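Colleague: You'll find work.txt just under this line, and it carries compact mmCIF, C-alpha atoms and all ligand atoms.
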# COMPACT_ATOMS: atom_id res chain seq x y z
CA MET A 18 -10.21 -19.70 17.94
CA LYS A 19 -6.83 -17.98 17.76
CA LYS A 20 -6.64 -15.64 14.80
CA ARG A 21 -3.81 -16.05 12.29
CA LYS A 22 -1.35 -13.17 12.17
CA ILE A 23 -1.23 -10.98 9.11
CA LEU A 24 1.58 -8.53 8.45
CA SER A 25 1.37 -5.80 5.88
CA GLY A 26 2.99 -2.44 5.39
CA MET A 27 3.57 0.51 3.13
CA ARG A 28 6.35 2.96 2.59
CA PRO A 29 5.28 6.37 3.86
CA THR A 30 4.85 8.53 0.80
CA GLY A 31 2.54 11.10 2.39
CA GLN A 32 -1.15 11.35 1.63
CA LEU A 33 -2.63 8.30 -0.04
CA HIS A 34 -4.87 8.24 -3.11
CA ILE A 35 -7.83 6.24 -4.37
CA GLY A 36 -5.43 3.78 -6.05
CA HIS A 37 -4.21 2.77 -2.58
CA LEU A 38 -7.81 2.48 -1.41
CA VAL A 39 -8.84 0.19 -4.26
CA GLY A 40 -5.55 -1.71 -4.05
CA ALA A 41 -4.46 -2.47 -0.52
CA LEU A 42 -6.65 -0.61 1.93
CA GLU A 43 -10.08 -2.06 1.11
CA ASN A 44 -8.47 -5.47 1.41
CA TRP A 45 -6.91 -4.65 4.80
CA LEU A 46 -10.33 -3.50 5.98
CA LYS A 47 -11.87 -6.85 5.11
CA LEU A 48 -9.02 -8.73 6.78
CA GLN A 49 -8.97 -6.83 10.07
CA ASP A 50 -11.87 -8.85 11.48
CA GLU A 51 -10.61 -12.21 10.34
CA TYR A 52 -6.93 -11.90 11.28
CA GLN A 53 -4.75 -10.37 13.97
CA SER A 54 -3.46 -7.54 11.80
CA TYR A 55 -0.14 -5.72 12.12
CA HIS A 56 0.41 -2.73 9.84
CA LEU A 57 3.90 -1.47 9.43
CA ILE A 58 4.94 2.03 8.39
CA ALA A 59 8.09 1.05 6.50
CA ASP A 60 9.94 4.32 7.03
CA TYR A 61 13.49 2.95 6.66
CA HIS A 62 12.48 1.42 3.34
CA VAL A 63 12.13 4.94 1.92
CA LEU A 64 15.92 5.27 2.02
CA THR A 65 16.37 2.43 -0.46
CA THR A 66 15.43 4.77 -3.29
CA ASN A 67 15.62 8.25 -1.74
CA LEU A 68 18.16 9.50 0.78
CA GLU A 69 16.22 12.68 1.59
CA SER A 70 14.83 11.94 5.04
CA GLU A 71 13.32 15.22 6.24
CA SER A 72 9.74 14.41 5.18
CA ILE A 73 9.71 10.79 6.39
CA TYR A 74 8.19 11.55 9.81
CA LYS A 75 5.50 13.86 8.43
CA ASP A 76 4.68 11.43 5.62
CA SER A 77 4.41 8.59 8.14
CA ILE A 78 1.85 10.47 10.21
CA GLU A 79 -0.10 11.51 7.10
CA MET A 80 -0.23 7.91 5.98
CA LEU A 81 -1.40 6.72 9.39
CA ILE A 82 -4.16 9.34 9.34
CA ASP A 83 -5.29 7.99 5.97
CA TRP A 84 -5.26 4.41 7.30
CA LEU A 85 -7.44 5.47 10.21
CA ALA A 86 -9.65 7.57 7.95
CA VAL A 87 -10.52 4.63 5.70
CA GLY A 88 -11.68 2.72 8.78
CA LEU A 89 -8.75 0.63 10.01
CA ASP A 90 -9.60 0.14 13.65
CA PRO A 91 -6.88 0.65 16.29
CA ASP A 92 -8.81 -1.68 18.61
CA LYS A 93 -8.21 -4.50 16.13
CA VAL A 94 -4.94 -3.52 14.44
CA LEU A 95 -1.48 -2.56 15.67
CA PHE A 96 0.31 0.23 13.79
CA PHE A 97 4.02 0.89 14.17
CA ARG A 98 7.04 2.40 12.47
CA GLN A 99 9.94 0.20 11.45
CA SER A 100 12.47 2.76 12.73
CA GLN A 101 11.05 2.75 16.26
CA ILE A 102 11.45 -0.96 16.93
CA LYS A 103 15.17 -1.64 16.82
CA GLU A 104 14.72 -5.40 16.50
CA HIS A 105 13.80 -4.93 12.81
CA THR A 106 17.35 -3.94 11.99
CA GLU A 107 18.83 -6.60 14.27
CA LEU A 108 16.90 -9.42 12.62
CA PHE A 109 17.70 -7.92 9.22
CA LEU A 110 21.41 -8.22 10.04
CA ILE A 111 21.09 -11.88 11.00
CA PHE A 112 18.96 -12.70 7.96
CA SER A 113 21.45 -10.97 5.67
CA MET A 114 23.94 -13.70 6.61
CA LEU A 115 21.53 -16.36 5.38
CA ILE A 116 21.10 -15.29 1.77
CA THR A 117 23.46 -14.73 -1.13
CA SER A 118 23.72 -11.57 -3.19
CA ASN A 119 23.10 -13.72 -6.30
CA ARG A 120 19.71 -14.74 -4.92
CA LEU A 121 18.80 -11.09 -4.32
CA GLU A 122 20.01 -10.02 -7.75
CA ARG A 123 17.59 -12.53 -9.30
CA ASN A 124 14.63 -10.83 -7.58
CA PRO A 125 12.31 -9.83 -10.47
CA THR A 126 10.73 -6.97 -8.49
CA LEU A 127 14.16 -5.39 -8.09
CA LYS A 128 14.78 -5.68 -11.81
CA ASP A 129 11.47 -3.91 -12.51
CA GLN A 130 12.31 -1.12 -10.07
CA VAL A 131 15.74 -0.61 -11.56
CA ARG A 132 14.15 -0.25 -14.99
CA ASP A 133 11.20 1.93 -13.89
CA LEU A 134 13.29 4.28 -11.73
CA ASN A 135 16.19 4.30 -14.18
CA ILE A 136 18.69 3.31 -11.49
CA SER A 137 22.27 2.91 -12.75
CA GLN A 138 23.94 1.72 -9.50
CA ILE A 139 22.04 -0.41 -6.99
CA ILE A 140 22.94 0.37 -3.39
CA TYR A 141 23.47 -2.49 -0.97
CA GLY A 142 20.40 -1.52 1.10
CA HIS A 143 18.18 -1.59 -2.00
CA LEU A 144 19.47 -4.99 -3.05
CA GLY A 145 18.77 -6.25 0.46
CA TYR A 146 15.38 -4.68 1.05
CA PRO A 147 13.48 -8.00 0.68
CA VAL A 148 15.64 -9.18 3.60
CA LEU A 149 14.49 -6.23 5.72
CA GLN A 150 10.95 -7.03 4.60
CA ALA A 151 11.43 -10.63 5.77
CA ALA A 152 12.58 -9.31 9.15
CA ASP A 153 9.50 -7.03 9.28
CA ILE A 154 7.22 -10.00 8.75
CA LEU A 155 8.96 -12.68 10.79
CA LEU A 156 9.67 -10.51 13.83
CA TYR A 157 5.92 -10.76 14.52
CA LYS A 158 5.77 -14.34 13.27
CA GLY A 159 3.43 -13.21 10.50
CA GLU A 160 1.65 -16.21 9.01
CA VAL A 161 -0.11 -14.49 6.14
CA VAL A 162 1.07 -11.62 3.94
CA PRO A 163 -1.50 -9.94 1.67
CA VAL A 164 0.27 -8.98 -1.55
CA GLY A 165 -0.23 -8.04 -5.15
CA GLU A 166 1.36 -10.30 -7.75
CA ASP A 167 4.55 -8.19 -7.98
CA GLN A 168 5.30 -8.81 -4.29
CA VAL A 169 4.98 -12.60 -4.35
CA PRO A 170 8.76 -13.05 -4.97
CA HIS A 171 9.42 -11.19 -1.72
CA VAL A 172 7.21 -13.53 0.26
CA GLU A 173 9.12 -16.40 -1.32
CA ILE A 174 12.41 -14.87 -0.04
CA THR A 175 10.80 -14.51 3.41
CA ARG A 176 9.83 -18.19 3.37
CA GLU A 177 13.35 -19.18 2.31
CA LEU A 178 14.89 -17.15 5.13
CA ALA A 179 12.51 -18.63 7.72
CA ARG A 180 13.40 -22.13 6.47
CA LYS A 181 17.11 -21.44 6.42
CA PHE A 182 17.11 -20.02 9.96
CA ASN A 183 14.94 -22.84 11.33
CA ASN A 184 17.16 -25.50 9.73
CA GLN A 185 20.35 -23.88 10.95
CA TYR A 186 19.37 -22.92 14.50
CA GLY A 187 16.06 -24.62 15.34
CA THR A 188 12.54 -23.54 14.65
CA VAL A 189 11.52 -20.02 15.58
CA PHE A 190 9.68 -18.76 12.52
CA PRO A 191 6.58 -19.78 10.56
CA GLU A 192 6.84 -19.88 6.75
CA PRO A 193 4.24 -17.27 5.87
CA ASP A 194 1.74 -17.71 3.05
CA ALA A 195 1.18 -15.04 0.43
CA LEU A 196 -2.46 -14.04 0.27
CA LEU A 197 -2.71 -12.97 -3.33
CA THR A 198 -5.00 -10.03 -3.79
CA VAL A 199 -6.39 -9.40 -7.23
CA PHE A 200 -7.70 -5.87 -7.60
CA PRO A 201 -8.22 -3.47 -10.47
CA ARG A 202 -5.27 -1.11 -10.84
CA LEU A 203 -6.52 2.44 -11.21
CA LEU A 204 -4.74 4.56 -13.76
CA GLY A 205 -4.05 8.19 -13.00
CA THR A 206 -6.15 10.97 -14.49
CA ASP A 207 -3.70 11.21 -17.42
CA GLY A 208 -5.10 7.86 -18.52
CA VAL A 209 -1.68 6.28 -19.13
CA SER A 210 0.39 6.10 -15.93
CA LYS A 211 -0.15 4.39 -12.61
CA MET A 212 -1.85 6.74 -10.17
CA SER A 213 0.85 8.60 -8.27
CA LYS A 214 0.98 11.81 -6.26
CA SER A 215 4.38 12.67 -7.72
CA LEU A 216 3.01 12.44 -11.28
CA ASN A 217 0.20 14.83 -10.32
CA ASN A 218 -2.39 12.43 -11.73
CA ALA A 219 -3.85 11.20 -8.44
CA ILE A 220 -7.11 11.73 -6.58
CA LEU A 221 -6.10 11.91 -2.94
CA LEU A 222 -8.20 10.53 -0.11
CA SER A 223 -7.86 14.01 1.42
CA ASP A 224 -9.10 15.88 -1.67
CA LYS A 225 -12.13 18.09 -1.03
CA PRO A 226 -15.09 17.63 -3.46
CA GLU A 227 -14.22 20.71 -5.52
CA ILE A 228 -10.64 19.45 -5.99
CA VAL A 229 -11.91 16.06 -7.17
CA GLU A 230 -14.12 17.88 -9.70
CA GLN A 231 -11.18 19.94 -10.95
CA ARG A 232 -8.96 16.90 -11.29
CA LEU A 233 -11.58 15.01 -13.28
CA LYS A 234 -12.29 18.04 -15.46
CA LYS A 235 -8.66 17.87 -16.63
CA ALA A 236 -8.65 14.08 -17.02
CA VAL A 237 -7.82 12.63 -20.42
CA THR A 238 -10.71 10.77 -22.09
CA ASP A 239 -11.10 9.02 -25.44
CA PRO A 240 -9.11 11.23 -27.84
CA GLN A 241 -11.53 10.36 -30.66
CA LYS A 242 -14.48 11.88 -28.82
CA LEU A 243 -13.88 15.55 -29.48
CA ARG A 244 -17.46 16.83 -29.27
CA LYS A 245 -20.44 15.73 -27.21
CA ASN A 246 -22.19 13.94 -30.06
CA ASP A 247 -19.13 12.02 -31.26
CA PRO A 248 -19.38 8.32 -30.44
CA GLY A 249 -16.83 7.39 -27.76
CA ARG A 250 -14.95 4.28 -26.68
CA PRO A 251 -15.47 3.84 -22.93
CA ASP A 252 -12.92 1.04 -22.73
CA VAL A 253 -10.05 3.42 -23.55
CA CYS A 254 -11.29 6.10 -21.15
CA VAL A 255 -10.01 6.40 -17.60
CA ILE A 256 -13.23 8.08 -16.44
CA PHE A 257 -15.13 4.96 -17.44
CA SER A 258 -12.77 2.83 -15.34
CA TYR A 259 -13.56 5.08 -12.36
CA HIS A 260 -17.30 4.66 -13.02
CA LYS A 261 -16.81 0.89 -12.90
CA LYS A 262 -15.38 1.17 -9.41
CA PHE A 263 -17.32 4.04 -7.88
CA ASN A 264 -20.57 3.99 -9.85
CA PRO A 265 -21.20 0.36 -10.82
CA GLY A 266 -24.99 0.78 -11.01
CA GLU A 267 -24.81 3.15 -14.00
CA VAL A 268 -22.04 1.48 -15.99
CA ASP A 269 -24.30 0.01 -18.70
CA GLU A 270 -26.15 3.26 -19.19
CA ILE A 271 -22.88 5.23 -19.44
CA ARG A 272 -21.44 2.78 -21.94
CA THR A 273 -24.53 3.07 -24.16
CA GLY A 274 -24.60 6.86 -23.86
CA CYS A 275 -20.89 7.20 -24.59
CA GLU A 276 -20.90 4.83 -27.56
CA SER A 277 -23.98 6.42 -29.14
CA GLY A 278 -22.75 9.97 -28.56
CA ALA A 279 -25.77 10.88 -26.42
CA LEU A 280 -23.53 11.38 -23.37
CA GLY A 281 -20.89 14.11 -23.37
CA CYS A 282 -17.63 13.96 -21.45
CA VAL A 283 -18.40 17.06 -19.38
CA ASP A 284 -21.57 15.53 -17.91
CA CYS A 285 -19.96 12.12 -17.60
CA LYS A 286 -17.04 13.58 -15.61
CA ARG A 287 -19.34 15.63 -13.39
CA ASN A 288 -21.35 12.51 -12.59
CA CYS A 289 -18.15 10.55 -11.90
CA ALA A 290 -16.81 13.25 -9.56
CA SER A 291 -20.05 13.25 -7.64
CA LYS A 292 -19.92 9.45 -7.17
CA ILE A 293 -16.27 9.53 -6.06
CA ASN A 294 -17.08 12.34 -3.65
CA SER A 295 -19.99 10.37 -2.13
CA TYR A 296 -17.70 7.37 -1.74
CA LEU A 297 -14.98 9.45 -0.11
CA ALA A 298 -17.26 11.58 2.10
CA PRO A 299 -17.00 9.37 5.22
CA VAL A 300 -13.24 8.99 4.69
CA LEU A 301 -12.82 12.75 4.44
CA ALA A 302 -14.94 13.32 7.56
CA ARG A 303 -12.84 10.86 9.57
CA ARG A 304 -9.66 12.41 8.17
CA VAL A 305 -10.71 15.86 9.36
CA TYR A 306 -11.49 14.38 12.80
CA PHE A 307 -8.04 12.80 13.12
CA GLU A 308 -6.28 15.91 11.76
CA GLU A 309 -8.00 17.92 14.48
CA ASN A 310 -7.13 15.30 17.11
CA LEU A 311 -3.50 14.68 16.33
CA PRO A 312 -2.58 13.66 19.93
CA LYS A 313 -5.04 10.77 19.53
CA VAL A 314 -3.24 9.65 16.36
CA LEU A 315 0.12 9.84 18.14
CA ASP A 316 -1.31 7.84 21.07
CA ILE A 317 -2.50 5.13 18.68
CA LEU A 318 0.97 4.97 17.17
CA SER A 319 2.67 4.96 20.56
CA HIS A 320 0.41 2.10 21.75
CA GLY A 321 1.19 0.10 18.57
CA GLU A 322 4.92 0.65 19.00
CA THR A 323 4.87 -0.32 22.68
CA GLU A 324 2.99 -3.55 21.92
CA GLY A 325 5.09 -4.20 18.82
CA ARG A 326 8.29 -3.79 20.82
CA LYS A 327 7.14 -6.42 23.31
CA ILE A 328 6.50 -8.98 20.58
CA ALA A 329 9.71 -8.12 18.74
CA SER A 330 11.77 -8.39 21.91
CA GLU A 331 10.32 -11.84 22.70
CA THR A 332 11.09 -13.06 19.19
CA MET A 333 14.67 -11.81 19.38
CA LYS A 334 15.16 -13.52 22.74
CA GLU A 335 14.18 -16.78 21.08
CA VAL A 336 16.47 -16.06 18.12
CA ARG A 337 19.49 -15.36 20.33
CA SER A 338 18.72 -18.32 22.55
CA ASN A 339 18.46 -20.69 19.58
CA MET A 340 21.73 -19.30 18.23
CA LEU A 341 23.32 -19.82 21.66
CA ILE A 342 24.49 -16.22 21.75
CA GLY A 343 22.57 -14.96 24.71
S1 LIG A 401 -18.49 10.02 -22.26
FE1 LIG A 401 -17.54 9.34 -20.37
S2 LIG A 401 -16.79 7.30 -20.77
FE2 LIG A 401 -17.19 8.29 -22.76
S3 LIG A 401 -15.22 9.15 -23.37
FE3 LIG A 401 -16.39 10.76 -22.32
S4 LIG A 401 -15.75 10.63 -20.20
FE4 LIG A 401 -15.12 8.74 -21.18
Represent the structure of the file as structure tokens.
Ligand code: SF4

Modeller:
Amino acid sequence: MKKRKILSGMRPTGQLHIGHLVGALENWLKLQDEYQSYHLIADYHVLTTNLESESIYKDSIEMLIDWLAVGLDPDKVLFFRQSQIKEHTELFLIFSMLITSNRLERNPTLKDQVRDLNISQIIYGHLGYPVLQAADILLYKGEVVPVGEDQVPHVEITRELARKFNNQYGTVFPEPDALLTVFPRLLGTDGVSKMSKSLNNAILLSDKPEIVEQRLKKAVTDPQKLRKNDPGRPDVCVIFSYHKKFNPGEVDEIRTGCESGALGCVDCKRNCASKINSYLAPVLARRVYFEENLPKVLDILSHGETEGRKIASETMKEVRSNMLIG
């Protein structure tokens, strides 16, 4: 049976952390057998919020290495950069004629970003980035888009654009379905913010065991548990949330020990670091392999971009033909 096509991507922000693993990547791993998967390195998207471009290439390669290190299989998945397949920007241009600025201004994800990043003036490219995202998906005729809840409005814009184009010029595009992924969001080691490399509260997939230990040593726990014997509240402690993910077999015991005061934070953190390190050991080993075999990584990317270009070019031929412009 023909597999359905799934399209998913990330902005290259350099090395990924365990929040990405628990969020998107474990899901992508499950999906790679069931679907024909296309994974996009959305390098042009970086410019929507940051015009500095000198680290984009390096960050793209680092991110690809992390994707491969977690087990995404280049025999099953195509990887490519948005900037290297010119049809992304061509389809973006056409789609941008099919949507109003009012519709884009109503996008709730944009409103959240403007608030979170404290943006005073929205640039045109930022306003229109769901349109570029729609081009990214529909160029490959993606039928399924795995997303967290905050991205569902973007899939809705993609569906609207597919519908609008098909009605205006004849059917070329599927209306993709959002595959809603519910996953626990991991807080950073500060216990309050989303995990993020730039906030220095992240555990990177590339962190060596001793670095993971150091990061957890500094992590914020229950502020009411000052000494070992003080009773603690695991539900307000970020270390406990990591145990739930990486050490599920001991969660009950840790809860009892923490609440009674029998378990101290130093031992609890050491145990947590050891479980995270065991979990990450195969990822780290594969990462080292790919770092040492960079030409192989570049070959994988080149193959993905060659294949991606073929698909994108076919789609654009259909688009131009339906529009009677070539
Ligand atoms: S004992 Fe563990 S779960 Fe309890 S507050 Fe300390 S680190 Fe957190």

Colleague: How big is the axis-aligned box, and where does its centre sit, when it encloses all atoms of ligand LIG 401 (chain A) listed in the file and has 3 Å added on every side, reported in Å to one decimal as AutoDock Vina command-line options?

Modeller:
--center_x -16.8 --center_y 9.0 --center_z -21.8 --size_x 9.4 --size_y 9.5 --size_z 9.2

Colleague: To check your reading of the model: which residues sit at most 10 Å from ligand LIG 401 (chain A) when counting all atoms listed in the file? Write the answer as an NGL selection string.

Modeller: :A and (233-234 or 236-260 or 268 or 271-289)

Colleague: Suppose you want the space between atom CA of Phe96 of chain A and atom CA of Glu322 of chain A; what is it in Å?

Modeller: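 Atom-to-atom, atom CA of Phe96 of chain A to atom CA of Glu322 of chain A, that is 7.0 Å.
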
Colleague: Counting all atoms listed in the file, which residue out of A:Met18, A:Val131, A:Ile317, A:Val63 sits closest to Lys93 of chain A?

Modeller: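 Using all atoms listed in the file, the shortest distance to Lys93 of chain A belongs to A:Ile317.
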
Colleague: Quick one: everything within 12 Å of Asn124 of chain A, counting only C-alpha atoms, minus sequence neighbours fewer than 3 positions away in the same chain. Send it as a VMD selection string.

Modeller: chain A and resid 117 to 121 127 to 131 143 to 148 167 to 174

Colleague: Save the residues we just selected, C-alpha atoms, as a PDB file, keeping the file's coordinate frame?

Modeller:
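Here's the written file selection33.pdb:
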ATOM      1  CA  THR A 117      23.460 -14.730  -1.130  1.00  0.00           C
ATOM      2  CA  SER A 118      23.720 -11.570  -3.190  1.00  0.00           C
ATOM      3  CA  ASN A 119      23.100 -13.720  -6.300  1.00  0.00           C
ATOM      4  CA  ARG A 120      19.710 -14.740  -4.920  1.00  0.00           C
ATOM      5  CA  LEU A 121      18.800 -11.090  -4.320  1.00  0.00           C
ATOM      6  CA  LEU A 127      14.160  -5.390  -8.090  1.00  0.00           C
ATOM      7  CA  LYS A 128      14.780  -5.680 -11.810  1.00  0.00           C
ATOM      8  CA  ASP A 129      11.470  -3.910 -12.510  1.00  0.00           C
ATOM      9  CA  GLN A 130      12.310  -1.120 -10.070  1.00  0.00           C
ATOM     10  CA  VAL A 131      15.740  -0.610 -11.560  1.00  0.00           C
ATOM     11  CA  HIS A 143      18.180  -1.590  -2.000  1.00  0.00           C
ATOM     12  CA  LEU A 144      19.470  -4.990  -3.050  1.00  0.00           C
ATOM     13  CA  GLY A 145      18.770  -6.250   0.460  1.00  0.00           C
ATOM     14  CA  TYR A 146      15.380  -4.680   1.050  1.00  0.00           C
ATOM     15  CA  PRO A 147      13.480  -8.000   0.680  1.00  0.00           C
ATOM     16  CA  VAL A 148      15.640  -9.180   3.600  1.00  0.00           C
ATOM     17  CA  ASP A 167       4.550  -8.190  -7.980  1.00  0.00           C
ATOM     18  CA  GLN A 168       5.300  -8.810  -4.290  1.00  0.00           C
ATOM     19  CA  VAL A 169       4.980 -12.600  -4.350  1.00  0.00           C
ATOM     20  CA  PRO A 170       8.760 -13.050  -4.970  1.00  0.00           C
ATOM     21  CA  HIS A 171       9.420 -11.190  -1.720  1.00  0.00           C
ATOM     22  CA  VAL A 172       7.210 -13.530   0.260  1.00  0.00           C
ATOM     23  CA  GLU A 173       9.120 -16.400  -1.320  1.00  0.00           C
ATOM     24  CA  ILE A 174      12.410 -14.870  -0.040  1.00  0.00           C
TER      25      ILE A 174
END

Colleague: For Lys22 of chain A, which residue among A:Asp83, A:Glu51, A:Asp269, A:Glu160 is the nearest when counting only C-alpha atoms?

Modeller: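 Closest to Lys22 of chain A, using only C-alpha atoms: A:Glu160.
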
Colleague: For a quick check of understanding, using only C-alpha atoms, which of A:Arg303, A:Lys235, A:Arg180, A:Arg202 has the smallest distance to Asn218 of chain A?

Modeller: A:Lys235

Colleague: What's around Leu110 of chain A at 9 Å? Count all atoms listed in the file, leave out sequence neighbours fewer than 5 positions away in its own chain, and write the answer as a list in words.

Modeller: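 Contacts, in chain order: His105, Val148, Leu149 and Ala152 of chain A.
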
Colleague: Counting all atoms listed in the file, which residue out of A:Val87, A:Leu64, A:Val189, A:Val209 sits closest to Leu156 of chain A?

Modeller: A:Val189

Colleague: Which residue is closest to Leu203 of chain A? Choose from A:Pro125, A:His34, A:Gln185, A:Lys334 and count all atoms listed in the file.

Modeller: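 Between A:Pro125, A:His34, A:Gln185, A:Lys334, the residue approaching Leu203 of chain A most closely is A:His34.
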
Colleague: Choose the residue, out of A:Gly36, A:Arg176, A:Asp76, A:Ile136, that has the smallest atom-to-atom separation from Ser210 of chain A; count all atoms listed in the file.

Modeller: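 The closest residue to Ser210 of chain A is A:Gly36.
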
Colleague: In Å to one decimal, how far is atom CA of Ala59 of chain A from atom CA of Arg98 of chain A?

Modeller: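 Those two atoms sit 6.2 Å apart.
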
Colleague: Please, what distance in Å, to one decimal, runs between atom CA of Ile293 of chain A and atom CA of Asn264 of chain A?

Modeller: 8.0 Å

Colleague: What's around segment 88-91 of chain A at 8 Å? Count all atoms listed in the file, leave out sequence neighbours fewer than 2 positions away in its own chain, and write the answer as JSON, numbers by chain.

Modeller: {"A": [45, 46, 49, 84, 85, 86, 93, 94, 95, 96, 300, 317]}

Colleague: Next, dump the selected residues to file, keeping only C-alpha atoms, as a PDB file, in the frame of the given file.

Modeller:
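File written: out-v3.pdb
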ATOM      1  CA  TRP A  45      -6.910  -4.650   4.800  1.00  0.00           C
ATOM      2  CA  LEU A  46     -10.330  -3.500   5.980  1.00  0.00           C
ATOM      3  CA  GLN A  49      -8.970  -6.830  10.070  1.00  0.00           C
ATOM      4  CA  TRP A  84      -5.260   4.410   7.300  1.00  0.00           C
ATOM      5  CA  LEU A  85      -7.440   5.470  10.210  1.00  0.00           C
ATOM      6  CA  ALA A  86      -9.650   7.570   7.950  1.00  0.00           C
ATOM      7  CA  LYS A  93      -8.210  -4.500  16.130  1.00  0.00           C
ATOM      8  CA  VAL A  94      -4.940  -3.520  14.440  1.00  0.00           C
ATOM      9  CA  LEU A  95      -1.480  -2.560  15.670  1.00  0.00           C
ATOM     10  CA  PHE A  96       0.310   0.230  13.790  1.00  0.00           C
ATOM     11  CA  VAL A 300     -13.240   8.990   4.690  1.00  0.00           C
ATOM     12  CA  ILE A 317      -2.500   5.130  18.680  1.00  0.00           C
TER      13      ILE A 317
END

Colleague: Neighbouring residues of Gly325 of chain A were defined as those with any atom within 9 Å, considering only C-alpha atoms; residues of the same chain fewer than 5 positions away were excluded. Please report them as a list in words.

Modeller: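 Contacts, with the query itself left out: Tyr55, Leu95, Phe96, Phe97, Ile102, Tyr157, His320 and Ser330 of chain A.
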
Colleague: Restore N, CA and C atoms in segment 126-144 of chain A and list the result as an mmCIF file, keeping the file's coordinate frame.

Modeller:
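Listing of out.cif after writing:
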data_model
loop_
_atom_site.group_PDB
_atom_site.id
_atom_site.type_symbol
_atom_site.label_atom_id
_atom_site.label_comp_id
_atom_site.auth_asym_id
_atom_site.auth_seq_id
_atom_site.Cartn_x
_atom_site.Cartn_y
_atom_site.Cartn_z
ATOM 1 N N THR A 126 11.287 -8.270 -8.878
ATOM 2 C CA THR A 126 10.730 -6.970 -8.490
ATOM 3 C C THR A 126 11.823 -5.906 -8.497
ATOM 4 N N LEU A 127 13.030 -6.320 -8.075
ATOM 5 C CA LEU A 127 14.160 -5.390 -8.090
ATOM 6 C C LEU A 127 14.479 -4.979 -9.526
ATOM 7 N N LYS A 128 14.478 -5.984 -10.405
ATOM 8 C CA LYS A 128 14.780 -5.680 -11.810
ATOM 9 C C LYS A 128 13.777 -4.664 -12.374
ATOM 10 N N ASP A 129 12.499 -4.849 -12.033
ATOM 11 C CA ASP A 129 11.470 -3.910 -12.510
ATOM 12 C C ASP A 129 11.713 -2.506 -11.959
ATOM 13 N N GLN A 130 12.086 -2.444 -10.679
ATOM 14 C CA GLN A 130 12.310 -1.120 -10.070
ATOM 15 C C GLN A 130 13.495 -0.420 -10.714
ATOM 16 N N VAL A 131 14.544 -1.186 -10.951
ATOM 17 C CA VAL A 131 15.740 -0.610 -11.560
ATOM 18 C C VAL A 131 15.397 -0.013 -12.925
ATOM 19 N N ARG A 132 14.559 -0.749 -13.666
ATOM 20 C CA ARG A 132 14.150 -0.250 -14.990
ATOM 21 C C ARG A 132 13.241 0.969 -14.841
ATOM 22 N N ASP A 133 12.188 0.849 -13.994
ATOM 23 C CA ASP A 133 11.200 1.930 -13.890
ATOM 24 C C ASP A 133 11.802 3.214 -13.325
ATOM 25 N N LEU A 134 12.720 3.075 -12.368
ATOM 26 C CA LEU A 134 13.290 4.280 -11.730
ATOM 27 C C LEU A 134 14.600 4.706 -12.393
ATOM 28 N N ASN A 135 14.981 3.954 -13.439
ATOM 29 C CA ASN A 135 16.190 4.300 -14.180
ATOM 30 C C ASN A 135 17.421 4.368 -13.269
ATOM 31 N N ILE A 136 17.594 3.334 -12.462
ATOM 32 C CA ILE A 136 18.690 3.310 -11.490
ATOM 33 C C ILE A 136 19.928 2.718 -12.153
ATOM 34 N N SER A 137 21.068 3.434 -12.082
ATOM 35 C CA SER A 137 22.270 2.910 -12.750
ATOM 36 C C SER A 137 23.112 2.065 -11.779
ATOM 37 N N GLN A 138 23.151 2.450 -10.507
ATOM 38 C CA GLN A 138 23.940 1.720 -9.500
ATOM 39 C C GLN A 138 23.012 1.313 -8.363
ATOM 40 N N ILE A 139 22.913 0.036 -8.084
ATOM 41 C CA ILE A 139 22.040 -0.410 -6.990
ATOM 42 C C ILE A 139 22.815 -0.356 -5.684
ATOM 43 N N ILE A 140 22.258 0.357 -4.698
ATOM 44 C CA ILE A 140 22.940 0.370 -3.390
ATOM 45 C C ILE A 140 22.650 -0.950 -2.660
ATOM 46 N N TYR A 141 23.538 -1.248 -1.727
ATOM 47 C CA TYR A 141 23.470 -2.490 -0.970
ATOM 48 C C TYR A 141 22.127 -2.629 -0.228
ATOM 49 N N GLY A 142 21.670 -1.493 0.354
ATOM 50 C CA GLY A 142 20.400 -1.520 1.100
ATOM 51 C C GLY A 142 19.210 -1.803 0.202
ATOM 52 N N HIS A 143 19.287 -1.339 -1.057
ATOM 53 C CA HIS A 143 18.180 -1.590 -2.000
ATOM 54 C C HIS A 143 18.174 -3.061 -2.416
ATOM 55 N N LEU A 144 19.357 -3.558 -2.689
ATOM 56 C CA LEU A 144 19.470 -4.990 -3.050
ATOM 57 C C LEU A 144 18.890 -5.848 -1.923
#
